file model-v2.pdb (PDB, C-alpha atoms)
ATOM      1  CA  MET A 869       0.000   0.000   0.000
ATOM      2  CA  GLU A 870       1.423   3.379  -1.030
ATOM      3  CA  ILE A 871       1.071   5.983   1.713
ATOM      4  CA  THR A 872       2.438   9.531   1.447
ATOM      5  CA  ARG A 873       3.226  11.587   4.544
ATOM      6  CA  LEU A 874       2.115  15.235   4.198
ATOM      7  CA  ASP A 875       4.513  17.635   5.890
ATOM      8  CA  PRO A 876       2.987  20.715   7.568
ATOM      9  CA  ALA A 877       6.007  22.747   6.392
ATOM     10  CA  ALA A 878       4.759  22.245   2.815
ATOM     11  CA  TYR A 879       1.157  23.291   3.470
ATOM     12  CA  ARG A 880       0.171  26.309   1.371
ATOM     13  CA  ARG A 881      -1.425  29.451   2.803
ATOM     14  CA  THR A 882      -4.370  30.703   0.744
ATOM     15  CA  PRO A 883      -6.479  33.817   1.361
ATOM     16  CA  TRP A 884     -10.184  33.160   1.816
ATOM     17  CA  LYS A 885     -12.143  33.942  -1.322
ATOM     18  CA  ASN A 886     -13.793  36.887   0.488
ATOM     19  CA  GLY A 887     -10.440  38.082   1.875
ATOM     20  CA  GLY A 888     -11.514  37.671   5.514
ATOM     21  CA  GLY A 889      -8.784  35.261   6.590
ATOM     22  CA  ILE A 890      -6.212  32.667   5.587
ATOM     23  CA  THR A 891      -6.643  28.921   5.074
ATOM     24  CA  ILE A 892      -3.798  26.471   5.577
ATOM     25  CA  ASP A 893      -4.177  24.038   2.643
ATOM     26  CA  ILE A 894      -3.301  20.476   3.644
ATOM     27  CA  ALA A 895      -4.061  18.950   0.221
ATOM     28  CA  ASP A 896      -5.898  19.970  -2.959
ATOM     29  CA  ALA A 897      -6.502  19.228  -6.624
ATOM     30  CA  TYR A 898      -7.018  21.563  -9.575
ATOM     31  CA  ALA A 899      -7.983  21.245 -13.216
ATOM     32  CA  PRO A 900      -4.864  20.852 -15.427
ATOM     33  CA  SER A 901      -4.907  24.468 -16.680
ATOM     34  CA  ALA A 902      -5.662  26.062 -13.288
ATOM     35  CA  VAL A 903      -3.249  27.879 -11.007
ATOM     36  CA  PRO A 904      -2.906  26.066  -7.662
ATOM     37  CA  ASP A 905      -4.066  28.157  -4.683
ATOM     38  CA  GLY A 906      -6.571  30.068  -6.793
ATOM     39  CA  TRP A 907     -10.332  29.656  -6.816
ATOM     40  CA  SER A 908     -10.785  29.103 -10.541
ATOM     41  CA  GLY A 909     -10.390  25.468 -11.548
ATOM     42  CA  MET A 910     -10.329  24.089  -8.005
ATOM     43  CA  LEU A 911     -11.594  20.496  -7.924
ATOM     44  CA  TRP A 912     -11.285  19.991  -4.162
ATOM     45  CA  ARG A 913      -9.420  21.453  -1.217
ATOM     46  CA  LEU A 914      -8.763  20.271   2.332
ATOM     47  CA  GLY A 915      -7.533  22.748   4.906
ATOM     48  CA  ARG A 916      -7.744  24.264   8.331
ATOM     49  CA  THR A 917      -8.335  27.824   9.420
ATOM     50  CA  GLN A 918      -9.121  30.044  12.385
ATOM     51  CA  ILE A 919     -12.390  31.932  12.687
ATOM     52  CA  VAL A 920     -11.535  34.772  15.047
ATOM     53  CA  GLU A 921     -14.524  37.057  14.533
ATOM     54  CA  PRO A 922     -18.071  36.694  13.222
ATOM     55  CA  GLY A 923     -18.619  37.336   9.544
ATOM     56  CA  PRO A 924     -19.859  36.121   6.180
ATOM     57  CA  PHE A 925     -18.582  32.955   4.542
ATOM     58  CA  SER A 926     -17.259  33.076   0.984
ATOM     59  CA  ASP A 927     -19.612  32.378  -1.924
ATOM     60  CA  LEU A 928     -18.535  28.964  -3.221
ATOM     61  CA  THR A 929     -21.395  28.287  -5.611
ATOM     62  CA  GLY A 930     -21.015  24.870  -7.237
ATOM     63  CA  TYR A 931     -19.155  23.294  -4.325
ATOM     64  CA  ASP A 932     -20.158  21.083  -1.410
ATOM     65  CA  ARG A 933     -18.548  21.692   1.965
ATOM     66  CA  ILE A 934     -17.956  19.868   5.234
ATOM     67  CA  LEU A 935     -16.774  21.906   8.240
ATOM     68  CA  THR A 936     -15.641  20.516  11.605
ATOM     69  CA  VAL A 937     -14.635  22.515  14.681
ATOM     70  CA  ILE A 938     -11.327  21.056  15.915
ATOM     71  CA  GLY A 939     -10.396  23.718  18.474
ATOM     72  CA  GLY A 940     -12.574  25.868  20.711
ATOM     73  CA  ARG A 941     -16.357  25.673  20.764
ATOM     74  CA  GLY A 942     -19.486  27.741  20.294
ATOM     75  CA  LEU A 943     -19.658  28.214  16.513
ATOM     76  CA  VAL A 944     -23.063  28.718  14.880
ATOM     77  CA  LEU A 945     -23.484  29.106  11.119
ATOM     78  CA  GLU A 946     -26.550  31.221  10.363
ATOM     79  CA  ILE A 947     -27.995  30.605   6.902
ATOM     80  CA  ALA A 948     -29.958  33.356   5.155
ATOM     81  CA  GLY A 949     -33.635  32.527   5.463
ATOM     82  CA  GLY A 950     -33.616  31.818   9.180
ATOM     83  CA  THR A 951     -32.015  28.390   9.598
ATOM     84  CA  ALA A 952     -28.758  27.647  11.372
ATOM     85  CA  LEU A 953     -26.135  24.912  11.576
ATOM     86  CA  ASP A 954     -25.133  24.194  15.165
ATOM     87  CA  VAL A 955     -21.394  23.559  15.367
ATOM     88  CA  ARG A 956     -21.071  24.496  19.050
ATOM     89  CA  VAL A 957     -19.652  21.099  20.006
ATOM     90  CA  PRO A 958     -16.275  20.200  18.457
ATOM     91  CA  PHE A 959     -15.539  17.124  16.352
ATOM     92  CA  ARG A 960     -18.993  16.944  14.699
ATOM     93  CA  PRO A 961     -18.744  17.490  10.920
ATOM     94  CA  VAL A 962     -21.549  19.508   9.299
ATOM     95  CA  ARG A 963     -22.409  19.627   5.583
ATOM     96  CA  PHE A 964     -23.630  22.579   3.564
ATOM     97  CA  THR A 965     -23.427  23.930   0.039
ATOM     98  CA  GLY A 966     -21.297  26.734  -1.280
ATOM     99  CA  GLU A 967     -24.510  28.494  -2.357
ATOM    100  CA  ASP A 968     -25.708  28.798   1.260
ATOM    101  CA  ARG A 969     -25.396  32.429   2.391
ATOM    102  CA  ILE A 970     -23.762  31.881   5.775
ATOM    103  CA  THR A 971     -22.704  34.256   8.520
ATOM    104  CA  SER A 972     -20.737  32.827  11.416
ATOM    105  CA  ARG A 973     -21.523  33.566  15.066
ATOM    106  CA  LEU A 974     -18.995  32.911  17.835
ATOM    107  CA  GLU A 975     -20.431  32.292  21.292
ATOM    108  CA  ALA A 976     -17.214  31.462  23.165
ATOM    109  CA  GLY A 977     -14.355  33.086  21.280
ATOM    110  CA  PRO A 978     -12.290  32.023  18.266
ATOM    111  CA  VAL A 979     -12.435  28.495  16.857
ATOM    112  CA  ALA A 980     -10.179  26.360  14.681
ATOM    113  CA  VAL A 981     -11.992  24.567  11.876
ATOM    114  CA  PHE A 982     -11.177  21.771   9.445
ATOM    115  CA  ASN A 983     -12.691  22.262   5.970
ATOM    116  CA  LEU A 984     -13.220  19.949   3.036
ATOM    117  CA  MET A 985     -14.765  21.414  -0.105
ATOM    118  CA  SER A 986     -15.289  19.891  -3.512
ATOM    119  CA  ASP A 987     -16.919  20.458  -6.854
ATOM    120  CA  ARG A 988     -19.953  18.263  -7.416
ATOM    121  CA  LYS A 989     -18.076  15.807  -9.614
ATOM    122  CA  HIS A 990     -16.675  14.411  -6.363
ATOM    123  CA  ALA A 991     -18.286  12.817  -3.318
ATOM    124  CA  ILE A 992     -16.746  13.873  -0.010
ATOM    125  CA  ASP A 993     -16.910  12.711   3.587
ATOM    126  CA  VAL A 994     -15.218  13.498   6.906
ATOM    127  CA  THR A 995     -15.134  11.133   9.875
ATOM    128  CA  ILE A 996     -13.568  11.975  13.251
ATOM    129  CA  MET A 997     -11.837   8.961  14.803
ATOM    130  CA  SER A 998     -10.406   8.460  18.298
ATOM    131  CA  GLY A 999      -9.826   5.788  20.928
ATOM    132  CA  GLN A1000      -9.729   2.358  19.287
ATOM    133  CA  ASP A1001     -11.933   3.265  16.281
ATOM    134  CA  ALA A1002     -11.415   1.334  13.045
ATOM    135  CA  ARG A1003     -12.705   1.948   9.539
ATOM    136  CA  ARG A1004     -12.359   0.374   6.129
ATOM    137  CA  LEU A1005     -10.862   2.818   3.603
ATOM    138  CA  ASP A1006     -12.491   3.219   0.223
ATOM    139  CA  THR A1007     -10.469   2.992  -2.966
ATOM    140  CA  ALA A1008     -10.436   6.771  -3.185
ATOM    141  CA  ILE A1009      -8.316   9.649  -1.944
ATOM    142  CA  ASN A1010      -8.079   9.135   1.821
ATOM    143  CA  ILE A1011      -6.355  11.765   3.952
ATOM    144  CA  VAL A1012      -5.798  11.158   7.661
ATOM    145  CA  TYR A1013      -5.127  14.430   9.523
ATOM    146  CA  ALA A1014      -3.852  14.426  13.127
ATOM    147  CA  ILE A1015      -5.982  16.694  15.311
ATOM    148  CA  GLU A1016      -3.890  15.469  18.266
ATOM    149  CA  ASP A1017      -0.655  13.489  18.457
ATOM    150  CA  SER A1018      -1.864  10.081  17.289
ATOM    151  CA  GLU A1019      -0.784   6.526  16.674
ATOM    152  CA  ILE A1020      -2.581   4.718  13.861
ATOM    153  CA  VAL A1021      -2.276   1.646  11.671
ATOM    154  CA  VAL A1022      -3.032   1.982   7.942
ATOM    155  CA  GLY A1023      -3.031  -1.123   5.784
ATOM    156  CA  GLY A1024      -1.049  -2.966   8.451
ATOM    157  CA  GLN A1025       1.632  -0.244   8.699
ATOM    158  CA  PRO A1026       1.978   1.644  12.007
ATOM    159  CA  PHE A1027       2.399   5.427  11.947
ATOM    160  CA  ALA A1028       2.995   8.020  14.647
ATOM    161  CA  LEU A1029       1.582  11.425  13.659
ATOM    162  CA  GLU A1030       2.262  14.662  15.466
ATOM    163  CA  VAL A1031      -0.551  17.201  15.603
ATOM    164  CA  ASP A1032      -1.084  18.805  12.144
ATOM    165  CA  GLU A1033       0.651  15.994  10.222
ATOM    166  CA  ALA A1034      -1.292  13.988   7.643
ATOM    167  CA  LEU A1035      -1.113  10.845   5.525
ATOM    168  CA  ARG A1036      -2.558  10.306   2.045
ATOM    169  CA  SER A1037      -3.485   6.991   0.447
ATOM    170  CA  GLU A1038      -5.531   6.212  -2.641
ATOM    171  CA  GLU A1039      -5.937   2.522  -1.955
ATOM    172  CA  GLY A1040      -8.387   0.559   0.147
ATOM    173  CA  GLY A1041      -7.362  -1.027   3.420
ATOM    174  CA  GLU A1042      -8.042  -0.725   7.112
ATOM    175  CA  LEU A1043      -7.430   2.327   9.327
ATOM    176  CA  THR A1044      -7.204   1.528  13.045
ATOM    177  CA  MET A1045      -6.630   4.001  15.860
ATOM    178  CA  ARG A1046      -4.243   3.206  18.697
ATOM    179  CA  SER A1047      -4.325   6.618  20.378
ATOM    180  CA  GLY A1048      -5.133  10.261  19.726
ATOM    181  CA  ARG A1049      -7.716  11.823  17.417
ATOM    182  CA  VAL A1050      -7.716  12.171  13.623
ATOM    183  CA  ALA A1051      -9.978  13.433  10.862
ATOM    184  CA  LEU A1052     -10.377  11.011   7.969
ATOM    185  CA  SER A1053     -11.330  12.781   4.722
ATOM    186  CA  THR A1054     -12.444  10.806   1.690
ATOM    187  CA  ILE A1055     -12.699  12.284  -1.811
ATOM    188  CA  SER A1056     -13.963  10.114  -4.661
ATOM    189  CA  SER A1057     -15.272  10.682  -8.168
ATOM    190  CA  ARG A1058     -19.012  10.387  -8.544
ATOM    191  CA  SER A1059     -20.178   7.710 -10.954
ATOM    192  CA  ALA A1060     -21.648   9.056 -14.185
ATOM    193  CA  PRO A1061     -25.470   8.802 -14.227
TER
END
call {"tool": "encode", "arguments": {"input": "model-v2.pdb", "output": "structure tokens"}}
result
Amino acid sequence: MEITRLDPAAYRRTPWKNGGGITIDIADAYAPSAVPDGWSGMLWRLGRTQIVEPGPFSDLTGYDRILTVIGGRGLVLEIAGGTALDVRVPFRPVRFTGEDRITSRLEAGPVAVFNLMSDRKHAIDVTIMSGQDARRLDTAINIVYAIEDSEIVVGGQPFALEVDEALRSEEGGELTMRSGRVALSTISSRSAP
């Protein structure tokens, strides 16, 4: 099984589309003619960022998103029209679309969030794993991101990950936790109808 370690020193810093902050890009993919770190031609992007003050989210029409609070608590995402996504408790991924007009509300100070976004040609998922959790990996892009220092086994190979390190595999296999907490992101192509 081929597994690539992703080094935090190589993560790219990208301004939010609306200019309100900076995202640390852990991994991404772009159309062949696109400029990496831009918004045009982005296929998918996985990153982390800090939300330090309330404000509007970027318009990402055409993309699906999954956001997970990984540090702090008390985030609420208010959607135009009167509904809200409750992200007050950390480690609970929430899904929404890039078309949703969202304004964030912070009830207990700044939060750190983990974001996965993708065009609709891809199916995406985020699972938070801890303790002795185990999960079968799809034959897709699988990225394991260490929220805490963690020890894991992927495809029979043991790995120690320091906080903010990640692994990438595009093969199936088994992911088993030994200690710590990780976010498992899966990105796969949708089957043609």
call {"tool": "resolve_selection", "arguments": {"input": "model-v2.pdb", "expression": "the PyMOL selection byres ((chain A and resi 950-954) around 12)", "output": "ChimeraX atom specification"}}
result
/A:934-937,941-949,955-965,968-975
call {"tool": "closest_residue", "arguments": {"input": "model-v2.pdb", "among": "A:Val1022, A:Ile1009, A:Leu1052, A:Ile894", "to": "Tyr879 in chain A", "atoms": "only C-alpha atoms"}}
result
A:Ile894
call {"tool": "closest_residue", "arguments": {"input": "model-v2.pdb", "among": "A:Met1045, A:Ala878, A:Ile892, A:Ile1055", "to": "Met997 in chain A", "atoms": "all atoms listed in the file"}}
result
A:Met1045
call {"tool": "atom_distance", "arguments": {"input": "model-v2.pdb", "atom1": "CA of Asp1001 in chain A", "atom2": "CA of Ala897 in chain A"}}
result
28.4 Å
call {"tool": "closest_residue", "arguments": {"input": "model-v2.pdb", "among": "A:Ile938, A:Ile871, A:Ala895, A:Leu928", "to": "Trp912 in chain A", "atoms": "all atoms listed in the file"}}
result
A:Ala895
call {"tool": "atom_distance", "arguments": {"input": "model-v2.pdb", "atom1": "CA of Arg913 in chain A", "atom2": "CA of Asn886 in chain A"}}
result
16.1 Å
call {"tool": "residues_around", "arguments": {"input": "model-v2.pdb", "residues": "range 984-987 of chain A", "least_positions_apart": "5", "cutoff": "8 Å", "atoms": "only C-alpha atoms", "output": "ChimeraX atom specification"}}
result
/A:910-915,930-935,992,994,1053
call {"tool": "closest_residue", "arguments": {"input": "model-v2.pdb", "among": "A:Asp893, A:Asp927, A:Glu967, A:Asp1006", "to": "Asp875 in chain A", "atoms": "only C-alpha atoms"}}
result
A:Asp893
call {"tool": "resolve_selection", "arguments": {"input": "model-v2.pdb", "expression": "the PyMOL selection byres ((chain A and resi 1014) around 7)", "output": "PyMOL selection string"}}
result
chain A and resi 1012-1013+1015-1018+1029-1034+1049-1051
call {"tool": "write_last_selection", "arguments": {"input": "model-v2.pdb", "atoms": "C-alpha atoms", "output": "tab-separated table (two decimals), in the frame of the given file"}}
result
chain	number	residue	atom	x	y	z
A	1012	VAL	CA	-5.80	11.16	7.66
A	1013	TYR	CA	-5.13	14.43	9.52
A	1015	ILE	CA	-5.98	16.69	15.31
A	1016	GLU	CA	-3.89	15.47	18.27
A	1017	ASP	CA	-0.66	13.49	18.46
A	1018	SER	CA	-1.86	10.08	17.29
A	1029	LEU	CA	1.58	11.42	13.66
A	1030	GLU	CA	2.26	14.66	15.47
A	1031	VAL	CA	-0.55	17.20	15.60
A	1032	ASP	CA	-1.08	18.80	12.14
A	1033	GLU	CA	0.65	15.99	10.22
A	1034	ALA	CA	-1.29	13.99	7.64
A	1049	ARG	CA	-7.72	11.82	17.42
A	1050	VAL	CA	-7.72	12.17	13.62
A	1051	ALA	CA	-9.98	13.43	10.86
call {"tool": "axis_aligned_box", "arguments": {"input": "model-v2.pdb", "around": "range 890-909 of chain A", "padding_each_side": "6 Å", "output": "AutoDock Vina command-line options"}}
result
--center_x -6.8 --center_y 25.8 --center_z -5.5 --size_x 19.9 --size_y 25.7 --size_z 34.3
call {"tool": "atom_distance", "arguments": {"input": "model-v2.pdb", "atom1": "CA of Pro883 in chain A", "atom2": "CA of Gly906 in chain A"}}
result
9.0 Å
call {"tool": "closest_residue", "arguments": {"input": "model-v2.pdb", "among": "A:Asp896, A:Ser1057, A:Pro1026, A:Ser926", "to": "Leu874 in chain A", "atoms": "all atoms listed in the file"}}
result
A:Asp896
call {"tool": "resolve_selection", "arguments": {"input": "model-v2.pdb", "expression": "the PyMOL selection byres ((chain A and resi 1021) around 9)", "output": "list in words"}}
result
Glu1019, Ile1020, Val1022, Gly1023, Gly1024, Gln1025, Pro1026, Phe1027, Ala1028, Glu1042, Leu1043, Thr1044, Met1045 and Arg1046 of chain A
